[in-house]
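Undergrad: Coordinates in query_35.cif, mmCIF, N, CA and C atoms, are listed below.
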data_upload
#
loop_
_atom_site.label_atom_id
_atom_site.label_comp_id
_atom_site.auth_asym_id
_atom_site.auth_seq_id
_atom_site.Cartn_x
_atom_site.Cartn_y
_atom_site.Cartn_z
N MET A 1 60.00 131.86 109.48
CA MET A 1 59.47 133.19 109.52
C MET A 1 58.17 133.21 108.73
N GLY A 2 57.18 133.93 109.24
CA GLY A 2 55.89 133.99 108.59
C GLY A 2 55.88 134.92 107.40
N ARG A 3 54.88 134.74 106.57
CA ARG A 3 54.70 135.61 105.41
C ARG A 3 53.44 136.41 105.64
N PRO A 4 53.46 137.69 105.32
CA PRO A 4 52.25 138.47 105.50
C PRO A 4 51.14 137.98 104.59
N LYS A 5 49.92 138.01 105.12
CA LYS A 5 48.77 137.61 104.33
C LYS A 5 48.39 138.72 103.38
N LYS A 6 47.78 138.36 102.27
CA LYS A 6 47.35 139.35 101.30
C LYS A 6 46.16 140.12 101.84
N GLY A 7 45.96 141.31 101.27
CA GLY A 7 44.80 142.10 101.64
C GLY A 7 45.08 143.18 102.65
N THR A 8 46.32 143.32 103.07
CA THR A 8 46.63 144.38 104.02
C THR A 8 46.72 145.70 103.27
N ASN A 9 46.41 146.77 103.96
CA ASN A 9 46.33 148.07 103.32
C ASN A 9 47.62 148.85 103.53
N ARG A 10 48.59 148.63 102.67
CA ARG A 10 49.88 149.32 102.74
C ARG A 10 49.88 150.55 101.84
N ASP A 11 49.02 150.56 100.82
CA ASP A 11 49.03 151.64 99.84
C ASP A 11 48.75 153.00 100.45
N SER A 12 47.86 153.06 101.43
CA SER A 12 47.51 154.35 102.02
C SER A 12 48.72 154.99 102.70
N PHE A 13 49.64 154.16 103.20
CA PHE A 13 50.84 154.70 103.84
C PHE A 13 51.69 155.46 102.82
N ASP A 14 51.91 154.87 101.66
CA ASP A 14 52.74 155.50 100.64
C ASP A 14 52.09 156.78 100.12
N ARG A 15 50.78 156.78 99.97
CA ARG A 15 50.10 157.95 99.43
C ARG A 15 50.11 159.12 100.40
N ASN A 16 50.30 158.86 101.67
CA ASN A 16 50.31 159.94 102.66
C ASN A 16 51.66 160.64 102.75
N GLY A 17 52.63 160.25 101.95
CA GLY A 17 53.93 160.92 101.92
C GLY A 17 54.83 160.56 103.08
N ASN A 18 54.57 159.45 103.76
CA ASN A 18 55.37 159.06 104.90
C ASN A 18 56.44 158.04 104.55
N ASP A 19 56.70 157.86 103.26
CA ASP A 19 57.65 156.83 102.88
C ASP A 19 59.10 157.25 103.11
N ASP A 20 59.32 158.43 103.69
CA ASP A 20 60.68 158.85 104.01
C ASP A 20 61.02 158.59 105.48
N LEU A 21 60.20 157.83 106.17
CA LEU A 21 60.48 157.48 107.56
C LEU A 21 61.71 156.59 107.64
N SER A 22 62.41 156.66 108.77
CA SER A 22 63.60 155.86 108.93
C SER A 22 63.81 155.55 110.41
N LEU A 23 64.83 154.80 110.70
CA LEU A 23 65.26 154.51 112.06
C LEU A 23 66.68 155.04 112.21
N PRO A 24 67.08 155.37 113.43
CA PRO A 24 68.45 155.87 113.62
C PRO A 24 69.49 154.83 113.21
N LYS A 25 70.36 155.23 112.30
CA LYS A 25 71.37 154.30 111.78
C LYS A 25 72.28 153.78 112.89
N ALA A 26 72.64 154.66 113.82
CA ALA A 26 73.54 154.23 114.90
C ALA A 26 72.87 153.16 115.77
N THR A 27 71.58 153.30 116.02
CA THR A 27 70.86 152.32 116.83
C THR A 27 70.80 150.97 116.11
N VAL A 28 70.49 151.01 114.83
CA VAL A 28 70.44 149.77 114.05
C VAL A 28 71.82 149.13 114.01
N GLN A 29 72.86 149.95 113.81
CA GLN A 29 74.23 149.42 113.78
C GLN A 29 74.59 148.77 115.11
N LYS A 30 74.15 149.37 116.21
CA LYS A 30 74.43 148.81 117.54
C LYS A 30 73.75 147.45 117.70
N ILE A 31 72.51 147.36 117.27
CA ILE A 31 71.79 146.09 117.36
C ILE A 31 72.49 145.03 116.52
N VAL A 32 72.86 145.39 115.30
CA VAL A 32 73.56 144.45 114.41
C VAL A 32 74.88 144.03 115.04
N SER A 33 75.61 144.98 115.62
CA SER A 33 76.91 144.67 116.23
C SER A 33 76.77 143.72 117.40
N GLU A 34 75.66 143.84 118.15
CA GLU A 34 75.44 142.92 119.26
C GLU A 34 75.15 141.51 118.77
N ILE A 35 74.49 141.43 117.62
CA ILE A 35 74.17 140.12 117.05
C ILE A 35 75.39 139.51 116.37
N LEU A 36 76.17 140.37 115.68
CA LEU A 36 77.38 139.92 114.98
C LEU A 36 78.60 140.51 115.65
N PRO A 37 79.08 139.90 116.73
CA PRO A 37 80.26 140.46 117.40
C PRO A 37 81.47 140.48 116.47
N SER A 38 82.36 141.43 116.70
CA SER A 38 83.53 141.58 115.83
C SER A 38 84.38 140.31 115.80
N SER A 39 84.33 139.52 116.85
CA SER A 39 85.11 138.28 116.90
C SER A 39 84.62 137.25 115.88
N SER A 40 83.39 137.44 115.35
CA SER A 40 82.87 136.48 114.38
C SER A 40 83.51 136.66 113.01
N GLY A 41 84.10 137.83 112.76
CA GLY A 41 84.73 138.09 111.47
C GLY A 41 83.75 138.47 110.38
N VAL A 42 82.47 138.57 110.72
CA VAL A 42 81.44 138.92 109.75
C VAL A 42 81.17 140.42 109.87
N SER A 43 81.15 141.09 108.73
CA SER A 43 80.84 142.52 108.76
C SER A 43 79.51 142.77 108.08
N PHE A 44 78.97 143.94 108.30
CA PHE A 44 77.67 144.33 107.77
C PHE A 44 77.86 145.61 106.98
N SER A 45 77.64 145.57 105.68
CA SER A 45 77.88 146.75 104.85
C SER A 45 76.84 147.84 105.14
N LYS A 46 77.19 149.07 104.78
CA LYS A 46 76.25 150.19 104.95
C LYS A 46 74.99 149.97 104.13
N GLU A 47 75.16 149.42 102.93
CA GLU A 47 74.01 149.15 102.08
C GLU A 47 73.08 148.13 102.72
N ALA A 48 73.67 147.10 103.33
CA ALA A 48 72.87 146.08 104.00
C ALA A 48 72.15 146.68 105.20
N ARG A 49 72.84 147.55 105.95
CA ARG A 49 72.21 148.22 107.10
C ARG A 49 71.04 149.08 106.63
N ASP A 50 71.24 149.83 105.54
CA ASP A 50 70.17 150.69 105.04
C ASP A 50 68.98 149.86 104.55
N LEU A 51 69.25 148.73 103.93
CA LEU A 51 68.17 147.84 103.50
C LEU A 51 67.44 147.28 104.71
N LEU A 52 68.19 146.91 105.73
CA LEU A 52 67.58 146.40 106.96
C LEU A 52 66.67 147.46 107.59
N ILE A 53 67.12 148.71 107.59
CA ILE A 53 66.31 149.80 108.12
C ILE A 53 65.00 149.93 107.33
N GLU A 54 65.10 149.87 106.01
CA GLU A 54 63.90 149.95 105.18
C GLU A 54 62.94 148.80 105.48
N CYS A 55 63.49 147.60 105.68
CA CYS A 55 62.66 146.44 106.00
C CYS A 55 61.98 146.63 107.36
N CYS A 56 62.71 147.15 108.33
CA CYS A 56 62.15 147.38 109.66
C CYS A 56 61.01 148.40 109.60
N VAL A 57 61.22 149.47 108.89
CA VAL A 57 60.19 150.50 108.75
C VAL A 57 58.96 149.90 108.07
N GLU A 58 59.18 149.12 107.05
CA GLU A 58 58.07 148.47 106.34
C GLU A 58 57.30 147.55 107.28
N PHE A 59 58.02 146.77 108.07
CA PHE A 59 57.39 145.84 109.02
C PHE A 59 56.58 146.61 110.07
N ILE A 60 57.16 147.65 110.62
CA ILE A 60 56.47 148.47 111.62
C ILE A 60 55.21 149.07 111.02
N THR A 61 55.31 149.56 109.80
CA THR A 61 54.16 150.15 109.12
C THR A 61 53.06 149.13 108.90
N LEU A 62 53.45 147.96 108.44
CA LEU A 62 52.50 146.90 108.19
C LEU A 62 51.76 146.50 109.47
N VAL A 63 52.49 146.26 110.53
CA VAL A 63 51.89 145.82 111.79
C VAL A 63 51.04 146.94 112.40
N SER A 64 51.55 148.16 112.40
CA SER A 64 50.78 149.24 113.01
C SER A 64 49.51 149.55 112.22
N SER A 65 49.58 149.44 110.90
CA SER A 65 48.39 149.65 110.07
C SER A 65 47.33 148.60 110.38
N GLU A 66 47.75 147.36 110.48
CA GLU A 66 46.82 146.27 110.79
C GLU A 66 46.27 146.44 112.21
N ALA A 67 47.12 146.81 113.16
CA ALA A 67 46.68 147.03 114.54
C ALA A 67 45.68 148.18 114.62
N ASN A 68 45.91 149.20 113.81
CA ASN A 68 44.98 150.32 113.76
C ASN A 68 43.61 149.86 113.26
N GLU A 69 43.60 149.06 112.21
CA GLU A 69 42.34 148.55 111.69
C GLU A 69 41.61 147.72 112.74
N ILE A 70 42.34 146.90 113.47
CA ILE A 70 41.75 146.07 114.53
C ILE A 70 41.17 146.95 115.63
N SER A 71 41.91 147.97 116.04
CA SER A 71 41.41 148.85 117.11
C SER A 71 40.17 149.61 116.65
N GLU A 72 40.16 150.03 115.38
CA GLU A 72 38.99 150.73 114.85
C GLU A 72 37.76 149.82 114.83
N LYS A 73 37.95 148.56 114.45
CA LYS A 73 36.83 147.60 114.45
C LYS A 73 36.28 147.40 115.86
N GLU A 74 37.15 147.53 116.86
CA GLU A 74 36.73 147.39 118.26
C GLU A 74 36.27 148.73 118.84
N ALA A 75 36.21 149.76 118.01
CA ALA A 75 35.80 151.11 118.42
C ALA A 75 36.71 151.66 119.52
N LYS A 76 37.98 151.36 119.41
CA LYS A 76 38.97 151.87 120.37
C LYS A 76 39.74 153.01 119.71
N LYS A 77 40.11 154.00 120.52
CA LYS A 77 40.86 155.13 120.00
C LYS A 77 42.35 155.00 120.29
N THR A 78 42.73 153.99 121.05
CA THR A 78 44.13 153.76 121.38
C THR A 78 44.52 152.34 120.99
N ILE A 79 45.63 152.22 120.29
CA ILE A 79 46.13 150.89 119.94
C ILE A 79 46.81 150.31 121.17
N ALA A 80 46.36 149.13 121.58
CA ALA A 80 46.90 148.46 122.77
C ALA A 80 47.78 147.29 122.35
N CYS A 81 48.51 146.74 123.31
CA CYS A 81 49.37 145.57 123.04
C CYS A 81 48.57 144.44 122.42
N ASP A 82 47.35 144.25 122.89
CA ASP A 82 46.49 143.20 122.36
C ASP A 82 46.25 143.38 120.86
N HIS A 83 46.12 144.63 120.42
CA HIS A 83 45.92 144.90 119.00
C HIS A 83 47.17 144.53 118.19
N ILE A 84 48.33 144.78 118.78
CA ILE A 84 49.59 144.43 118.10
C ILE A 84 49.70 142.91 117.95
N THR A 85 49.41 142.17 119.01
CA THR A 85 49.52 140.71 118.92
C THR A 85 48.48 140.14 117.97
N LYS A 86 47.27 140.71 117.94
CA LYS A 86 46.26 140.27 116.98
C LYS A 86 46.72 140.58 115.56
N ALA A 87 47.34 141.73 115.36
CA ALA A 87 47.85 142.11 114.04
C ALA A 87 48.93 141.13 113.59
N LEU A 88 49.85 140.82 114.49
CA LEU A 88 50.90 139.86 114.15
C LEU A 88 50.30 138.52 113.73
N ASP A 89 49.29 138.08 114.47
CA ASP A 89 48.64 136.82 114.15
C ASP A 89 47.93 136.90 112.79
N THR A 90 47.20 137.97 112.57
CA THR A 90 46.47 138.17 111.31
C THR A 90 47.41 138.18 110.12
N LEU A 91 48.57 138.81 110.30
CA LEU A 91 49.54 138.94 109.21
C LEU A 91 50.41 137.70 109.01
N GLY A 92 50.24 136.71 109.86
CA GLY A 92 51.01 135.48 109.71
C GLY A 92 52.32 135.48 110.46
N PHE A 93 52.46 136.36 111.43
CA PHE A 93 53.69 136.44 112.23
C PHE A 93 53.45 135.97 113.67
N SER A 94 52.61 134.97 113.85
CA SER A 94 52.24 134.53 115.20
C SER A 94 53.43 134.00 116.00
N GLU A 95 54.48 133.53 115.30
CA GLU A 95 55.65 133.01 116.04
C GLU A 95 56.39 134.11 116.80
N TYR A 96 56.13 135.39 116.46
CA TYR A 96 56.78 136.50 117.16
C TYR A 96 56.03 136.93 118.42
N ILE A 97 54.80 136.47 118.59
CA ILE A 97 53.97 136.93 119.70
C ILE A 97 54.61 136.68 121.06
N PRO A 98 55.14 135.49 121.36
CA PRO A 98 55.77 135.29 122.68
C PRO A 98 56.91 136.29 122.95
N ALA A 99 57.74 136.56 121.96
CA ALA A 99 58.84 137.51 122.14
C ALA A 99 58.31 138.93 122.35
N VAL A 100 57.24 139.27 121.63
CA VAL A 100 56.63 140.60 121.79
C VAL A 100 56.05 140.74 123.20
N LEU A 101 55.36 139.72 123.67
CA LEU A 101 54.77 139.77 125.01
C LEU A 101 55.86 139.86 126.08
N GLU A 102 56.97 139.16 125.87
CA GLU A 102 58.09 139.23 126.81
C GLU A 102 58.70 140.63 126.82
N ALA A 103 58.88 141.21 125.65
CA ALA A 103 59.43 142.58 125.55
C ALA A 103 58.48 143.58 126.22
N ALA A 104 57.17 143.40 126.02
CA ALA A 104 56.19 144.30 126.65
C ALA A 104 56.25 144.19 128.17
N ALA A 105 56.40 142.98 128.68
CA ALA A 105 56.50 142.78 130.13
C ALA A 105 57.77 143.42 130.69
N GLN A 106 58.89 143.28 129.96
CA GLN A 106 60.14 143.91 130.40
C GLN A 106 60.01 145.42 130.40
N HIS A 107 59.38 145.97 129.38
CA HIS A 107 59.17 147.42 129.30
C HIS A 107 58.31 147.91 130.46
N LYS A 108 57.28 147.15 130.78
CA LYS A 108 56.40 147.52 131.89
C LYS A 108 57.18 147.55 133.21
N GLU A 109 58.05 146.57 133.41
CA GLU A 109 58.87 146.53 134.63
C GLU A 109 59.84 147.72 134.68
N THR A 110 60.43 148.05 133.55
CA THR A 110 61.34 149.20 133.48
C THR A 110 60.60 150.48 133.85
N GLN A 111 59.38 150.62 133.37
CA GLN A 111 58.59 151.81 133.68
C GLN A 111 58.27 151.88 135.17
N LYS A 112 58.00 150.74 135.79
CA LYS A 112 57.72 150.71 137.24
C LYS A 112 58.92 151.20 138.03
N VAL A 113 60.11 150.76 137.63
CA VAL A 113 61.35 151.17 138.31
C VAL A 113 61.54 152.67 138.17
N ARG A 114 61.28 153.21 136.99
CA ARG A 114 61.42 154.65 136.76
C ARG A 114 60.44 155.44 137.62
N GLU A 115 59.21 154.94 137.76
CA GLU A 115 58.22 155.62 138.58
C GLU A 115 58.61 155.61 140.05
N LYS A 116 59.24 154.51 140.50
CA LYS A 116 59.64 154.38 141.89
C LYS A 116 60.77 155.35 142.25
N ARG A 117 61.55 155.76 141.26
CA ARG A 117 62.66 156.68 141.53
C ARG A 117 62.15 158.00 142.09
N GLY A 118 60.94 158.35 141.73
CA GLY A 118 60.33 159.54 142.29
C GLY A 118 60.85 160.83 141.68
N ASN A 119 60.40 161.89 142.26
CA ASN A 119 60.71 163.23 141.80
C ASN A 119 61.85 163.79 142.65
N LYS A 120 62.97 164.13 142.04
CA LYS A 120 64.13 164.63 142.79
C LYS A 120 63.80 165.91 143.54
N PHE A 121 62.98 166.76 142.96
CA PHE A 121 62.58 168.00 143.63
C PHE A 121 61.84 167.69 144.92
N GLU A 122 60.86 166.80 144.86
CA GLU A 122 60.08 166.46 146.05
C GLU A 122 60.94 165.78 147.10
N GLU A 123 61.87 164.92 146.66
CA GLU A 123 62.71 164.18 147.60
C GLU A 123 63.81 165.04 148.21
N SER A 124 64.09 166.20 147.63
CA SER A 124 65.17 167.05 148.15
C SER A 124 64.81 167.68 149.48
N GLY A 125 63.53 167.88 149.72
CA GLY A 125 63.10 168.52 150.96
C GLY A 125 63.36 170.02 150.96
N MET A 126 63.76 170.57 149.84
CA MET A 126 64.06 171.99 149.75
C MET A 126 62.97 172.70 148.96
N THR A 127 62.81 174.00 149.24
CA THR A 127 61.86 174.79 148.46
C THR A 127 62.50 175.12 147.11
N LEU A 128 61.69 175.57 146.20
CA LEU A 128 62.19 175.95 144.88
C LEU A 128 63.20 177.09 145.02
N GLU A 129 62.93 178.04 145.92
CA GLU A 129 63.85 179.16 146.14
C GLU A 129 65.19 178.67 146.67
N GLU A 130 65.17 177.71 147.59
CA GLU A 130 66.41 177.16 148.14
C GLU A 130 67.22 176.44 147.05
N LEU A 131 66.54 175.71 146.22
CA LEU A 131 67.22 175.00 145.13
C LEU A 131 67.82 175.99 144.13
N GLU A 132 67.08 177.06 143.82
CA GLU A 132 67.61 178.07 142.90
C GLU A 132 68.85 178.75 143.48
N GLU A 133 68.83 179.03 144.77
CA GLU A 133 69.99 179.66 145.43
C GLU A 133 71.19 178.70 145.40
N LEU A 134 70.96 177.43 145.69
CA LEU A 134 72.02 176.44 145.65
C LEU A 134 72.60 176.34 144.23
N GLN A 135 71.76 176.36 143.22
CA GLN A 135 72.22 176.32 141.84
C GLN A 135 73.06 177.55 141.52
N ARG A 136 72.61 178.71 141.94
CA ARG A 136 73.35 179.95 141.70
C ARG A 136 74.74 179.86 142.33
N GLN A 137 74.81 179.36 143.57
CA GLN A 137 76.09 179.22 144.28
C GLN A 137 77.02 178.25 143.54
N GLN A 138 76.47 177.15 143.06
CA GLN A 138 77.29 176.17 142.36
C GLN A 138 77.80 176.71 141.03
N PHE A 139 76.96 177.47 140.33
CA PHE A 139 77.43 178.10 139.09
C PHE A 139 78.54 179.10 139.37
N GLU A 140 78.38 179.88 140.42
CA GLU A 140 79.38 180.88 140.78
C GLU A 140 80.70 180.19 141.14
N ALA A 141 80.64 179.10 141.90
CA ALA A 141 81.85 178.35 142.28
C ALA A 141 82.53 177.77 141.03
N ALA A 142 81.74 177.30 140.08
CA ALA A 142 82.29 176.75 138.84
C ALA A 142 82.97 177.85 138.03
N ARG A 143 82.36 179.01 137.96
CA ARG A 143 82.97 180.13 137.23
C ARG A 143 84.32 180.52 137.84
N GLU A 144 84.39 180.55 139.18
CA GLU A 144 85.63 180.91 139.85
C GLU A 144 86.71 179.86 139.60
N ARG A 145 86.35 178.59 139.58
CA ARG A 145 87.33 177.52 139.33
C ARG A 145 87.90 177.59 137.92
N HIS A 146 87.09 178.01 136.99
CA HIS A 146 87.50 177.99 135.58
C HIS A 146 87.89 179.37 135.05
N ALA A 147 87.99 180.33 135.93
CA ALA A 147 88.35 181.69 135.48
C ALA A 147 89.82 181.84 135.26
#
How would this structure read if it were set down as structure tokens?
TA:
Amino acid sequence: MGRPKKGTNRDSFDRNGNDDLSLPKATVQKIVSEILPSSSGVSFSKEARDLLIECCVEFITLVSSEANEISEKEAKKTIACDHITKALDTLGFSEYIPAVLEAAAQHKETQKVREKRGNKFEESGMTLEELEELQRQQFEAARERHA
């Protein structure tokens, strides 16, 4: 695992009052559970999970701060994937770049599938008034079933 290089600007993050950021505990617990299946007999304490969350937030802050600096130097107003990979390299985490690029490609494919699903309203072939009437009828039928 790489070590971050000195000279990164982490202090401005703390001074802006954002040090109370966190990640959803349930999501982190799910990720940990997938890595450490119950059959392994290894458990993960709440304190360890909370420390892991703090480390993740710190890592995200470090990388995003560096990516922001890179994008600003390039006079860009949007941080792009390229800025993230350059930040990882600058900070000494270049071994993570292939995994990051793979995750970005998977995310892009997922987004394409979502876009292909289309708009249910447009695909229904019904007008908004027809859909509202159908909804009203279904609500009425549900009320009668549960009355």
Undergrad: With distances taken over all atoms listed in the file, which of A:Gln137, A:Thr78, A:Ser22, A:Thr127 is nearest to Ile53 in chain A?
TA: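 Going through A:Gln137, A:Thr78, A:Ser22, A:Thr127 one by one, the smallest distance to Ile53 in chain A is for A:Ser22.
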Undergrad: Pick out each residue of chain A that DSSP on the backbone tags as helix (DSSP H, G or I); I need them as a PyMOL selection string.
TA: chain A and resi 11-15+25-35+38-40+46-73+81-90+94-117+120-124+128-145
Undergrad: Between atom N of Arg136 in chain A and atom N of Ser124 in chain A, what is the spacing in Å?
TA: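 About the pair atom N of Ser124 in chain A and atom N of Arg136 in chain A: they are 16.2 Å apart.
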Undergrad: Pick out the closest residue to Glu54 in chain A from this set: A:Lys120, A:Lys77, A:Arg145, A:Lys25. Count only C-alpha atoms.
TA: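 Looking at the shortest contact to Glu54 in chain A, the residue is A:Lys25.
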Undergrad: From the set A:Arg114, A:Gly92, A:Leu21, A:Glu129, which residue has the shortest atom-to-atom contact distance to Glu58 in chain A, counting only N, CA and C atoms?
TA: A:Leu21
Undergrad: Could you name the residues that touch range 63-69 of chain A at 8 Å or less, counting only N, CA and C atoms, but leaving out those on the same chain fewer than 2 positions away, as a PyMOL selection string?
TA: chain A and resi 8-10+57-61+71-75+78-80+82-88+91
Undergrad: Just write the chosen residues, N, CA and C atoms, as a PDB file, keeping the file's coordinate frame.
TA:
ATOM      1  N   THR A   8      46.320 143.320 103.070  1.00  0.00           N
ATOM      2  CA  THR A   8      46.630 144.380 104.020  1.00  0.00           C
ATOM      3  C   THR A   8      46.720 145.700 103.270  1.00  0.00           C
ATOM      4  N   ASN A   9      46.410 146.770 103.960  1.00  0.00           N
ATOM      5  CA  ASN A   9      46.330 148.070 103.320  1.00  0.00           C
ATOM      6  C   ASN A   9      47.620 148.850 103.530  1.00  0.00           C
ATOM      7  N   ARG A  10      48.590 148.630 102.670  1.00  0.00           N
ATOM      8  CA  ARG A  10      49.880 149.320 102.740  1.00  0.00           C
ATOM      9  C   ARG A  10      49.880 150.550 101.840  1.00  0.00           C
ATOM     10  N   VAL A  57      61.220 149.470 108.890  1.00  0.00           N
ATOM     11  CA  VAL A  57      60.190 150.500 108.750  1.00  0.00           C
ATOM     12  C   VAL A  57      58.960 149.900 108.070  1.00  0.00           C
ATOM     13  N   GLU A  58      59.180 149.120 107.050  1.00  0.00           N
ATOM     14  CA  GLU A  58      58.070 148.470 106.340  1.00  0.00           C
ATOM     15  C   GLU A  58      57.300 147.550 107.280  1.00  0.00           C
ATOM     16  N   PHE A  59      58.020 146.770 108.070  1.00  0.00           N
ATOM     17  CA  PHE A  59      57.390 145.840 109.020  1.00  0.00           C
ATOM     18  C   PHE A  59      56.580 146.610 110.070  1.00  0.00           C
ATOM     19  N   ILE A  60      57.160 147.650 110.620  1.00  0.00           N
ATOM     20  CA  ILE A  60      56.470 148.470 111.620  1.00  0.00           C
ATOM     21  C   ILE A  60      55.210 149.070 111.020  1.00  0.00           C
ATOM     22  N   THR A  61      55.310 149.560 109.800  1.00  0.00           N
ATOM     23  CA  THR A  61      54.160 150.150 109.120  1.00  0.00           C
ATOM     24  C   THR A  61      53.060 149.130 108.900  1.00  0.00           C
ATOM     25  N   SER A  71      41.910 147.970 116.040  1.00  0.00           N
ATOM     26  CA  SER A  71      41.410 148.850 117.110  1.00  0.00           C
ATOM     27  C   SER A  71      40.170 149.610 116.650  1.00  0.00           C
ATOM     28  N   GLU A  72      40.160 150.030 115.380  1.00  0.00           N
ATOM     29  CA  GLU A  72      38.990 150.730 114.850  1.00  0.00           C
ATOM     30  C   GLU A  72      37.760 149.820 114.830  1.00  0.00           C
ATOM     31  N   LYS A  73      37.950 148.560 114.450  1.00  0.00           N
ATOM     32  CA  LYS A  73      36.830 147.600 114.450  1.00  0.00           C
ATOM     33  C   LYS A  73      36.280 147.400 115.860  1.00  0.00           C
ATOM     34  N   GLU A  74      37.150 147.530 116.860  1.00  0.00           N
ATOM     35  CA  GLU A  74      36.730 147.390 118.260  1.00  0.00           C
ATOM     36  C   GLU A  74      36.270 148.730 118.840  1.00  0.00           C
ATOM     37  N   ALA A  75      36.210 149.760 118.010  1.00  0.00           N
ATOM     38  CA  ALA A  75      35.800 151.110 118.420  1.00  0.00           C
ATOM     39  C   ALA A  75      36.710 151.660 119.520  1.00  0.00           C
ATOM     40  N   THR A  78      42.730 153.990 121.050  1.00  0.00           N
ATOM     41  CA  THR A  78      44.130 153.760 121.380  1.00  0.00           C
ATOM     42  C   THR A  78      44.520 152.340 120.990  1.00  0.00           C
ATOM     43  N   ILE A  79      45.630 152.220 120.290  1.00  0.00           N
ATOM     44  CA  ILE A  79      46.130 150.890 119.940  1.00  0.00           C
ATOM     45  C   ILE A  79      46.810 150.310 121.170  1.00  0.00           C
ATOM     46  N   ALA A  80      46.360 149.130 121.580  1.00  0.00           N
ATOM     47  CA  ALA A  80      46.900 148.460 122.770  1.00  0.00           C
ATOM     48  C   ALA A  80      47.780 147.290 122.350  1.00  0.00           C
ATOM     49  N   ASP A  82      47.350 144.250 122.890  1.00  0.00           N
ATOM     50  CA  ASP A  82      46.490 143.200 122.360  1.00  0.00           C
ATOM     51  C   ASP A  82      46.250 143.380 120.860  1.00  0.00           C
ATOM     52  N   HIS A  83      46.120 144.630 120.420  1.00  0.00           N
ATOM     53  CA  HIS A  83      45.920 144.900 119.000  1.00  0.00           C
ATOM     54  C   HIS A  83      47.170 144.530 118.190  1.00  0.00           C
ATOM     55  N   ILE A  84      48.330 144.780 118.780  1.00  0.00           N
ATOM     56  CA  ILE A  84      49.590 144.430 118.100  1.00  0.00           C
ATOM     57  C   ILE A  84      49.700 142.910 117.950  1.00  0.00           C
ATOM     58  N   THR A  85      49.410 142.170 119.010  1.00  0.00           N
ATOM     59  CA  THR A  85      49.520 140.710 118.920  1.00  0.00           C
ATOM     60  C   THR A  85      48.480 140.140 117.970  1.00  0.00           C
ATOM     61  N   LYS A  86      47.270 140.710 117.940  1.00  0.00           N
ATOM     62  CA  LYS A  86      46.260 140.270 116.980  1.00  0.00           C
ATOM     63  C   LYS A  86      46.720 140.580 115.560  1.00  0.00           C
ATOM     64  N   ALA A  87      47.340 141.730 115.360  1.00  0.00           N
ATOM     65  CA  ALA A  87      47.850 142.110 114.040  1.00  0.00           C
ATOM     66  C   ALA A  87      48.930 141.130 113.590  1.00  0.00           C
ATOM     67  N   LEU A  88      49.850 140.820 114.490  1.00  0.00           N
ATOM     68  CA  LEU A  88      50.900 139.860 114.150  1.00  0.00           C
ATOM     69  C   LEU A  88      50.300 138.520 113.730  1.00  0.00           C
ATOM     70  N   LEU A  91      48.570 138.810 110.300  1.00  0.00           N
ATOM     71  CA  LEU A  91      49.540 138.940 109.210  1.00  0.00           C
ATOM     72  C   LEU A  91      50.410 137.700 109.010  1.00  0.00           C
TER      73      LEU A  91
END
Undergrad: What is the distance between CA of Ser43 in chain A and CA of Lys30 in chain A, in Å to one decimal?
TA: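 These atoms are spaced 12.6 Å apart.
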